[in-house]
>>> print(open('run-v4.txt').read())   # compact mmCIF, C-alpha atoms
# COMPACT_ATOMS: atom_id res chain seq x y z
CA MET A 1117 -28.69 -18.06 -17.43
CA LEU A 1118 -26.05 -15.62 -18.60
CA LEU A 1119 -27.80 -14.94 -21.91
CA ALA A 1120 -31.15 -14.38 -20.21
CA THR A 1121 -29.59 -12.06 -17.68
CA PHE A 1122 -27.84 -10.10 -20.38
CA LYS A 1123 -31.09 -9.67 -22.31
CA LEU A 1124 -32.86 -8.56 -19.17
CA CYS A 1125 -30.17 -5.98 -18.44
CA ALA A 1126 -30.20 -4.65 -21.99
CA GLY A 1127 -33.97 -4.40 -21.93
CA SER A 1128 -34.32 -6.34 -25.21
CA SER A 1129 -36.66 -8.91 -23.67
CA TYR A 1130 -38.94 -6.51 -21.74
CA ARG A 1131 -39.26 -2.97 -23.01
CA HIS A 1132 -41.15 -1.79 -19.93
CA LEU A 1133 -38.06 -2.41 -17.78
CA HIS A 1134 -36.12 0.51 -19.25
CA ASN A 1135 -36.86 2.76 -16.29
CA MET A 1136 -36.32 0.20 -13.51
CA LYS A 1137 -32.85 1.28 -12.43
CA GLY A 1138 -32.55 -1.00 -9.42
CA LEU A 1139 -33.29 -4.09 -11.48
CA ARG A 1140 -30.72 -3.01 -14.05
CA GLN A 1141 -28.06 -2.70 -11.36
CA GLN A 1142 -28.86 -6.21 -10.11
CA ALA A 1143 -28.62 -7.56 -13.63
CA VAL A 1144 -25.22 -5.97 -14.21
CA LEU A 1145 -23.97 -7.44 -10.93
CA ALA A 1146 -25.34 -10.86 -11.93
CA ILE A 1147 -23.42 -10.71 -15.20
CA GLY A 1148 -20.18 -9.93 -13.39
CA GLN A 1149 -20.70 -12.76 -10.89
CA GLU A 1150 -21.53 -15.28 -13.62
CA LEU A 1151 -18.49 -14.29 -15.67
CA ASN A 1152 -16.20 -14.54 -12.68
CA ARG A 1153 -17.61 -17.97 -11.79
CA ARG A 1154 -17.01 -19.29 -15.27
CA ALA A 1155 -13.59 -17.73 -15.58
CA LEU A 1156 -12.41 -19.14 -12.23
CA GLY A 1157 -14.19 -22.46 -12.39
CA GLY A 1158 -13.19 -23.63 -15.83
CA PRO A 1159 -10.02 -23.82 -17.87
CA THR A 1160 -8.48 -20.85 -19.66
CA PRO A 1161 -11.28 -18.34 -20.38
CA GLY A 1162 -12.38 -18.40 -23.98
CA ALA A 1163 -12.58 -15.48 -26.35
CA TRP A 1164 -16.32 -15.19 -25.79
CA ILE A 1165 -15.73 -14.37 -22.09
CA SER A 1166 -13.47 -11.46 -22.98
CA GLN A 1167 -15.96 -10.20 -25.51
CA VAL A 1168 -18.90 -10.35 -23.12
CA ARG A 1169 -16.80 -8.73 -20.38
CA ARG A 1170 -16.05 -5.83 -22.69
CA ARG A 1171 -19.68 -5.57 -23.75
CA SER A 1172 -21.01 -5.82 -20.21
CA SER A 1173 -18.49 -3.22 -19.08
CA LEU A 1174 -19.70 -0.88 -21.81
CA LEU A 1175 -23.32 -1.65 -20.99
CA GLY A 1176 -22.63 -1.08 -17.29
CA SER A 1177 -21.11 2.32 -17.98
CA ARG A 1178 -24.12 3.29 -20.09
CA LEU A 1179 -26.55 2.11 -17.45
CA GLU A 1180 -24.50 3.91 -14.78
CA ASP A 1181 -24.97 7.17 -16.65
CA THR A 1182 -28.73 6.73 -16.34
CA LEU A 1183 -28.45 6.39 -12.55
CA TYR A 1184 -27.25 9.98 -12.08
CA SER A 1185 -28.66 13.38 -12.90
CA ASP A 1186 -26.87 15.65 -15.36
CA GLN A 1187 -25.50 17.68 -12.45
CA GLU A 1188 -24.17 14.59 -10.69
CA LEU A 1189 -22.47 13.41 -13.87
CA ALA A 1190 -20.91 16.87 -14.22
CA TYR A 1191 -19.49 16.57 -10.68
CA ILE A 1192 -18.09 13.10 -11.44
CA ARG A 1193 -16.41 14.33 -14.60
CA GLN A 1194 -15.07 17.41 -12.82
CA GLY A 1195 -13.49 15.22 -10.13
CA GLU A 1196 -11.87 13.00 -12.76
CA GLU A 1197 -10.64 16.06 -14.64
CA ALA A 1198 -9.07 17.41 -11.44
CA MET A 1199 -7.28 14.10 -10.95
CA GLN A 1200 -5.89 14.03 -14.48
CA LYS A 1201 -4.68 17.63 -14.29
CA ALA A 1202 -3.09 17.19 -10.87
CA LEU A 1203 -1.31 13.98 -11.85
CA GLY A 1204 -0.10 15.68 -15.00
CA ILE A 1205 1.49 18.44 -12.92
CA LEU A 1206 3.14 15.95 -10.57
CA SER A 1207 4.49 13.86 -13.42
CA ASN A 1208 6.47 16.80 -14.79
CA GLN A 1209 9.66 16.83 -12.73
CA GLU A 1210 11.12 20.00 -14.25
CA GLY A 1211 11.07 23.44 -12.64
CA TRP A 1212 10.49 22.50 -9.00
CA LYS A 1213 12.20 24.72 -6.41
CA LYS A 1214 12.70 23.95 -2.73
CA GLU A 1215 10.50 25.98 -0.36
CA ASN A 1216 11.00 24.11 2.90
CA GLN A 1217 13.21 21.24 4.07
CA GLN A 1218 12.79 19.55 7.46
CA THR A 1219 15.40 17.56 9.36
CA ASN A 1220 13.20 14.45 9.20
CA GLY A 1221 13.27 14.51 5.39
CA ASP A 1222 9.91 16.22 4.80
CA LYS A 1223 10.16 18.79 2.03
CA VAL A 1224 7.98 21.28 0.19
CA LEU A 1225 8.69 22.19 -3.42
CA SER A 1226 6.97 24.73 -5.64
CA LYS A 1227 6.74 25.92 -9.21
CA VAL A 1228 4.56 28.09 -11.42
CA VAL A 1229 2.29 26.17 -13.80
CA PRO A 1230 0.74 27.94 -16.83
CA ASP A 1231 -3.02 28.55 -16.48
CA VAL A 1232 -2.87 27.29 -12.88
CA GLY A 1233 -0.44 29.52 -10.99
CA LYS A 1234 1.96 28.62 -8.21
CA VAL A 1235 1.58 25.11 -6.84
CA PHE A 1236 3.18 23.44 -3.82
CA ARG A 1237 4.34 19.84 -3.51
CA LEU A 1238 4.80 18.11 -0.16
CA GLU A 1239 6.81 14.87 -0.09
CA VAL A 1240 6.90 12.86 3.15
CA VAL A 1241 7.22 9.30 4.39
CA VAL A 1242 4.76 8.25 7.10
CA ASP A 1243 5.56 5.28 9.31
CA GLN A 1244 2.09 3.81 8.84
CA PRO A 1245 0.60 1.43 6.24
CA MET A 1246 -1.26 2.97 3.33
CA GLU A 1247 -4.59 1.49 4.45
CA ARG A 1248 -4.37 3.49 7.66
CA LEU A 1249 -3.80 6.76 5.80
CA TYR A 1250 -6.61 5.99 3.38
CA GLU A 1251 -8.94 5.38 6.31
CA GLU A 1252 -8.12 8.75 7.88
CA LEU A 1253 -7.94 10.90 4.75
CA VAL A 1254 -10.87 9.47 2.82
CA GLU A 1255 -13.27 7.46 4.94
CA ARG A 1256 -12.86 9.65 8.03
CA MET A 1257 -12.21 13.00 6.37
CA GLU A 1258 -14.98 14.69 8.36
CA THR A 1259 -12.98 14.12 11.56
CA MET A 1260 -9.91 15.98 10.28
CA GLY A 1261 -10.82 19.06 12.28
CA GLU A 1262 -10.30 17.03 15.46
CA TRP A 1263 -6.57 16.56 14.86
CA ASN A 1264 -5.57 19.26 12.35
CA PRO A 1265 -5.85 22.74 13.94
CA ASN A 1266 -5.59 24.36 10.50
CA VAL A 1267 -9.02 22.91 9.69
CA LYS A 1268 -12.08 23.88 11.68
CA GLU A 1269 -14.51 21.60 9.89
CA ILE A 1270 -14.94 19.40 6.84
CA LYS A 1271 -18.44 18.32 5.94
CA VAL A 1272 -19.56 16.01 3.14
CA LEU A 1273 -22.44 17.78 1.41
CA GLN A 1274 -23.21 15.07 -1.13
CA LYS A 1275 -21.88 11.63 -2.02
CA ILE A 1276 -22.10 10.56 -5.65
CA GLY A 1277 -21.35 6.93 -6.40
CA LYS A 1278 -18.44 5.26 -4.68
CA ASP A 1279 -15.67 7.66 -5.70
CA THR A 1280 -17.01 11.24 -5.68
CA VAL A 1281 -18.08 13.63 -2.91
CA ILE A 1282 -18.87 17.33 -2.60
CA THR A 1283 -17.35 18.87 0.53
CA HIS A 1284 -17.37 22.12 2.45
CA GLU A 1285 -14.18 22.95 4.34
CA LEU A 1286 -13.81 25.75 6.86
CA ALA A 1287 -10.17 26.69 7.42
CA ALA A 1288 -8.80 28.34 10.54
CA GLU A 1289 -7.08 31.73 10.59
CA ALA A 1290 -3.39 31.61 9.76
CA ALA A 1291 -0.16 33.64 10.05
CA GLY A 1292 -1.14 35.27 13.32
CA ASN A 1293 -4.62 36.08 11.99
CA LEU A 1294 -3.14 37.96 9.01
CA VAL A 1295 -5.03 35.43 6.90
CA GLY A 1296 -8.66 35.49 8.01
CA PRO A 1297 -11.11 32.59 7.89
CA ARG A 1298 -11.59 30.96 4.50
CA ASP A 1299 -13.95 28.29 3.31
CA PHE A 1300 -13.89 26.03 0.26
CA VAL A 1301 -16.49 24.06 -1.65
CA SER A 1302 -14.84 21.26 -3.60
CA VAL A 1303 -15.55 18.13 -5.59
CA ARG A 1304 -13.29 15.29 -4.47
CA CYS A 1305 -12.51 12.04 -6.24
CA ALA A 1306 -10.73 8.98 -4.78
CA LYS A 1307 -9.31 6.22 -6.97
CA ARG A 1308 -7.29 3.13 -6.12
CA ARG A 1309 -5.10 1.41 -8.69
CA GLY A 1310 -3.22 -1.56 -7.31
CA SER A 1311 -1.03 -0.41 -4.45
CA THR A 1312 -1.51 3.31 -5.25
CA CYS A 1313 -4.29 5.57 -4.02
CA VAL A 1314 -5.01 9.02 -5.47
CA LEU A 1315 -7.24 11.61 -3.78
CA ALA A 1316 -7.96 14.60 -6.01
CA GLY A 1317 -10.20 17.64 -6.03
CA MET A 1318 -10.92 21.16 -7.18
CA ALA A 1319 -13.30 24.02 -6.52
CA THR A 1320 -16.89 23.61 -7.61
CA HIS A 1321 -20.27 25.30 -7.26
CA PHE A 1322 -22.89 23.78 -4.97
CA GLY A 1323 -26.12 25.73 -4.79
CA GLU A 1324 -26.99 24.56 -1.29
CA MET A 1325 -23.78 26.01 0.16
CA PRO A 1326 -23.69 29.75 -0.64
CA GLU A 1327 -20.91 32.03 0.60
CA GLN A 1328 -20.95 32.60 4.36
CA LYS A 1329 -21.04 36.02 6.01
CA GLY A 1330 -17.63 37.03 7.38
CA VAL A 1331 -15.81 34.21 5.55
CA ILE A 1332 -13.91 34.59 2.27
CA ARG A 1333 -14.65 31.81 -0.24
CA GLY A 1334 -11.33 30.49 -1.57
CA GLU A 1335 -10.81 28.05 -4.42
CA HIS A 1336 -8.90 24.79 -4.59
CA GLY A 1337 -7.38 23.00 -7.44
CA PRO A 1338 -6.48 21.05 -9.19
CA THR A 1339 -5.01 19.37 -6.13
CA CYS A 1340 -4.29 15.78 -5.11
CA MET A 1341 -2.65 13.41 -2.66
CA VAL A 1342 -0.89 10.28 -3.87
CA LEU A 1343 -0.33 7.41 -1.43
CA HIS A 1344 1.71 4.27 -2.05
CA PRO A 1345 3.76 1.87 0.09
CA LEU A 1346 7.53 2.18 0.05
CA ALA A 1347 8.99 -0.59 -2.07
CA GLU A 1348 11.73 -1.30 0.48
CA SER A 1349 9.39 -1.01 3.48
CA PRO A 1350 5.71 -1.74 2.64
CA SER A 1351 4.57 -0.88 6.17
CA LYS A 1352 5.50 2.76 5.46
CA THR A 1353 3.73 5.11 3.07
CA LYS A 1354 5.05 7.74 0.69
CA LEU A 1355 2.65 10.68 0.66
CA THR A 1356 2.84 13.34 -2.03
CA TRP A 1357 0.46 16.29 -1.73
CA LEU A 1358 0.02 18.73 -4.60
CA LEU A 1359 -1.59 21.93 -3.33
CA SER A 1360 -3.04 24.51 -5.70
CA ILE A 1361 -5.14 27.16 -4.00
CA ASP A 1362 -6.41 30.70 -4.44
CA LEU A 1363 -7.04 32.28 -1.04
CA LYS A 1364 -8.77 35.30 -2.61
CA GLY A 1365 -8.82 38.64 -0.86
CA TRP A 1366 -5.84 40.98 -0.72
CA LEU A 1367 -2.72 39.19 0.51
CA PRO A 1368 0.98 39.77 -0.30
CA LYS A 1369 2.52 36.87 -2.23
CA THR A 1370 5.25 36.47 0.37
CA ILE A 1371 2.65 35.78 3.06
CA ILE A 1372 0.71 33.40 0.80
CA ASN A 1373 3.83 31.39 -0.03
CA GLN A 1374 4.83 31.18 3.61
CA VAL A 1375 1.35 30.18 4.77
CA LEU A 1376 0.83 27.47 2.15
CA SER A 1377 4.22 25.80 2.51
CA GLN A 1378 3.95 25.88 6.32
CA THR A 1379 0.41 24.50 6.12
CA GLN A 1380 1.75 21.45 4.32
CA VAL A 1381 4.56 20.91 6.82
CA ASP A 1382 2.11 21.30 9.71
CA PHE A 1383 -0.29 18.84 8.09
CA ALA A 1384 2.37 16.11 7.97
CA ASN A 1385 3.29 16.69 11.62
CA HIS A 1386 -0.32 16.70 12.82
CA LEU A 1387 -1.11 13.58 10.78
CA ARG A 1388 1.81 11.64 12.26
CA LYS A 1389 0.95 12.72 15.80
CA HIS A 1390 -2.68 11.72 15.33
CA LEU A 1391 -1.86 8.29 13.88
CA GLU A 1392 0.67 7.55 16.61
CA SER A 1393 -1.65 8.56 19.45
CA SER A 1394 -4.84 6.88 18.25
CA PRO A 1395 -5.43 3.14 17.80
CA ALA A 1396 -5.96 1.79 14.32
CA PRO A 1397 -9.62 1.14 13.44
CA GLU A 1398 -10.70 -2.47 13.83
CA ALA A 1399 -10.42 -4.56 10.70
CA ARG A 1400 -13.65 -4.84 8.77
CA CYS A 1401 -15.20 -8.16 7.87
>>> encode(input="run-v4.txt", output="structure tokens")
Amino acid sequence: MLLATFKLCAGSSYRHLHNMKGLRQQAVLAIGQELNRRALGGPTPGAWISQVRRRSSLLGSRLEDTLYSDQELAYIRQGEEAMQKALGILSNQEGWKKENQQTNGDKVLSKVVPDVGKVFRLEVVVDQPMERLYEELVERMETMGEWNPNVKEIKVLQKIGKDTVITHELAAEAAGNLVGPRDFVSVRCAKRRGSTCVLAGMATHFGEMPEQKGVIRGEHGPTCMVLHPLAESPSKTKLTWLLSIDLKGWLPKTIINQVLSQTQVDFANHLRKHLESSPAPEARC
């Protein structure tokens, strides 16, 4: 069965199946299920299982490429690039300076990164499990405007695969209306690796969302949020938010620095208040 399925997926048995994307997806899934069944049902998996897993993984990635347009693949790669750049910035611990320190331990750091500019780093601990934060920040991101007054609206313009979305965000005025309304079009990528979740993004171009009259189009990125449970208290989550943003327009740097660091502090406070006042979503089957 496995050999026949593999041939079907590769298209070596039936040449006219090369353009039947849905059937290919089913074949790839069948391979994975068969391999898992054999690996779990028998003794120690043999070398052939590892080889076929590698080959089917490679085949799956090639077939996956055919499921998306060139533009969609470009968005996927841009989201992954944003994640790698943002994580690279966070991993470098040198040069960070304190911008804001709260009595509850929340803090905002900053530094200047070559070819990126000034970036801000929020570090907080939230007394909620990581799954709850993931639900609010990823799966329910379009509702953020309901609990974060710094955001008027977030709308998903396009979803690409399971990890990538294109979003439009309309930000509220800030600093006593000294900073007028801004909007942002971004590609966002969410990845989970074990107990860690990374949400990353950066500015992108989306033809169906041109600049709006009376609103300045700012640019994000690379930016990311990293979520992971505290080792000593798994029911709590460490949240690190790297913010890199160009607000455009004419604004003094002192105002920009104040607005961005305060925006991060406010975000943590609004997030906590929202999570504490609203019931957790029901567990999914």
>>> closest_residue(input="run-v4.txt", among="A:Pro1368, A:Ile1276, A:Pro1345, A:Lys1329", to="Asp1186 in chain A", atoms="all atoms listed in the file")
A:Ile1276
>>> residues_near_point(input="run-v4.txt", point="(5.3, 18.6, 5.0)", cutoff="8 Å", atoms="all atoms listed in the file", output="number ranges by chain")
A: 1218, 1222-1224, 1238-1240, 1377-1385
>>> residues_around(input="run-v4.txt", residues="Thr1339 in chain A", least_positions_apart="6", cutoff="7 Å", atoms="all atoms listed in the file", output="PyMOL selection string")
chain A and resi 1198+1202+1316-1318+1358-1360
>>> residues_around(input="run-v4.txt", residues="Val1242 in chain A", least_positions_apart="2", cutoff="8 Å", atoms="only C-alpha atoms", output="number ranges by chain")
A: 1240, 1244, 1352-1355, 1388
>>> closest_residue(input="run-v4.txt", among="A:Glu1258, A:Arg1237, A:Glu1269, A:Gly1323", to="Gln1217 in chain A", atoms="only C-alpha atoms")
A:Arg1237
>>> closest_residue(input="run-v4.txt", among="A:Trp1212, A:Trp1263, A:Glu1327, A:Leu1225", to="Glu1392 in chain A", atoms="all atoms listed in the file")
A:Trp1263
>>> closest_residue(input="run-v4.txt", among="A:His1284, A:Lys1278, A:Lys1234, A:Arg1248", to="Lys1307 in chain A", atoms="all atoms listed in the file")
A:Lys1278
>>> residues_around(input="run-v4.txt", residues="Gly1334 in chain A", least_positions_apart="5", cutoff="9 Å", atoms="all atoms listed in the file", output="number ranges by chain")
A: 1298-1301, 1319, 1361-1365
>>> write_last_selection(input="run-v4.txt", atoms="C-alpha atoms", output="CSV table (one decimal), in the coordinates of the input")
chain,number,residue,atom,x,y,z
A,1298,ARG,CA,-11.6,31.0,4.5
A,1299,ASP,CA,-14.0,28.3,3.3
A,1300,PHE,CA,-13.9,26.0,0.3
A,1301,VAL,CA,-16.5,24.1,-1.6
A,1319,ALA,CA,-13.3,24.0,-6.5
A,1361,ILE,CA,-5.1,27.2,-4.0
A,1362,ASP,CA,-6.4,30.7,-4.4
A,1363,LEU,CA,-7.0,32.3,-1.0
A,1364,LYS,CA,-8.8,35.3,-2.6
A,1365,GLY,CA,-8.8,38.6,-0.9
>>> closest_residue(input="run-v4.txt", among="A:Pro1395, A:Gly1221, A:Gly1261, A:Gly1337", to="Thr1320 in chain A", atoms="only C-alpha atoms")
A:Gly1337
>>> atom_distance(input="run-v4.txt", atom1="CA of Trp1357 in chain A", atom2="CA of Leu1387 in chain A")
12.9 Å
>>> closest_residue(input="run-v4.txt", among="A:Lys1268, A:His1336, A:Lys1389, A:Lys1275", to="Cys1305 in chain A", atoms="only C-alpha atoms")
A:Lys1275
>>> atom_distance(input="run-v4.txt", atom1="CA of Pro1265 in chain A", atom2="CA of Val1281 in chain A")
22.7 Å
>>> atom_distance(input="run-v4.txt", atom1="CA of Val1314 in chain A", atom2="CA of Met1341 in chain A")
5.7 Å
>>> axis_aligned_box(input="run-v4.txt", around="range 1274-1282 of chain A", padding_each_side="8 Å", output="JSON")
{"center_x": -19.4, "center_y": 11.3, "center_z": -3.8, "size_x": 23.5, "size_y": 28.1, "size_z": 21.3}
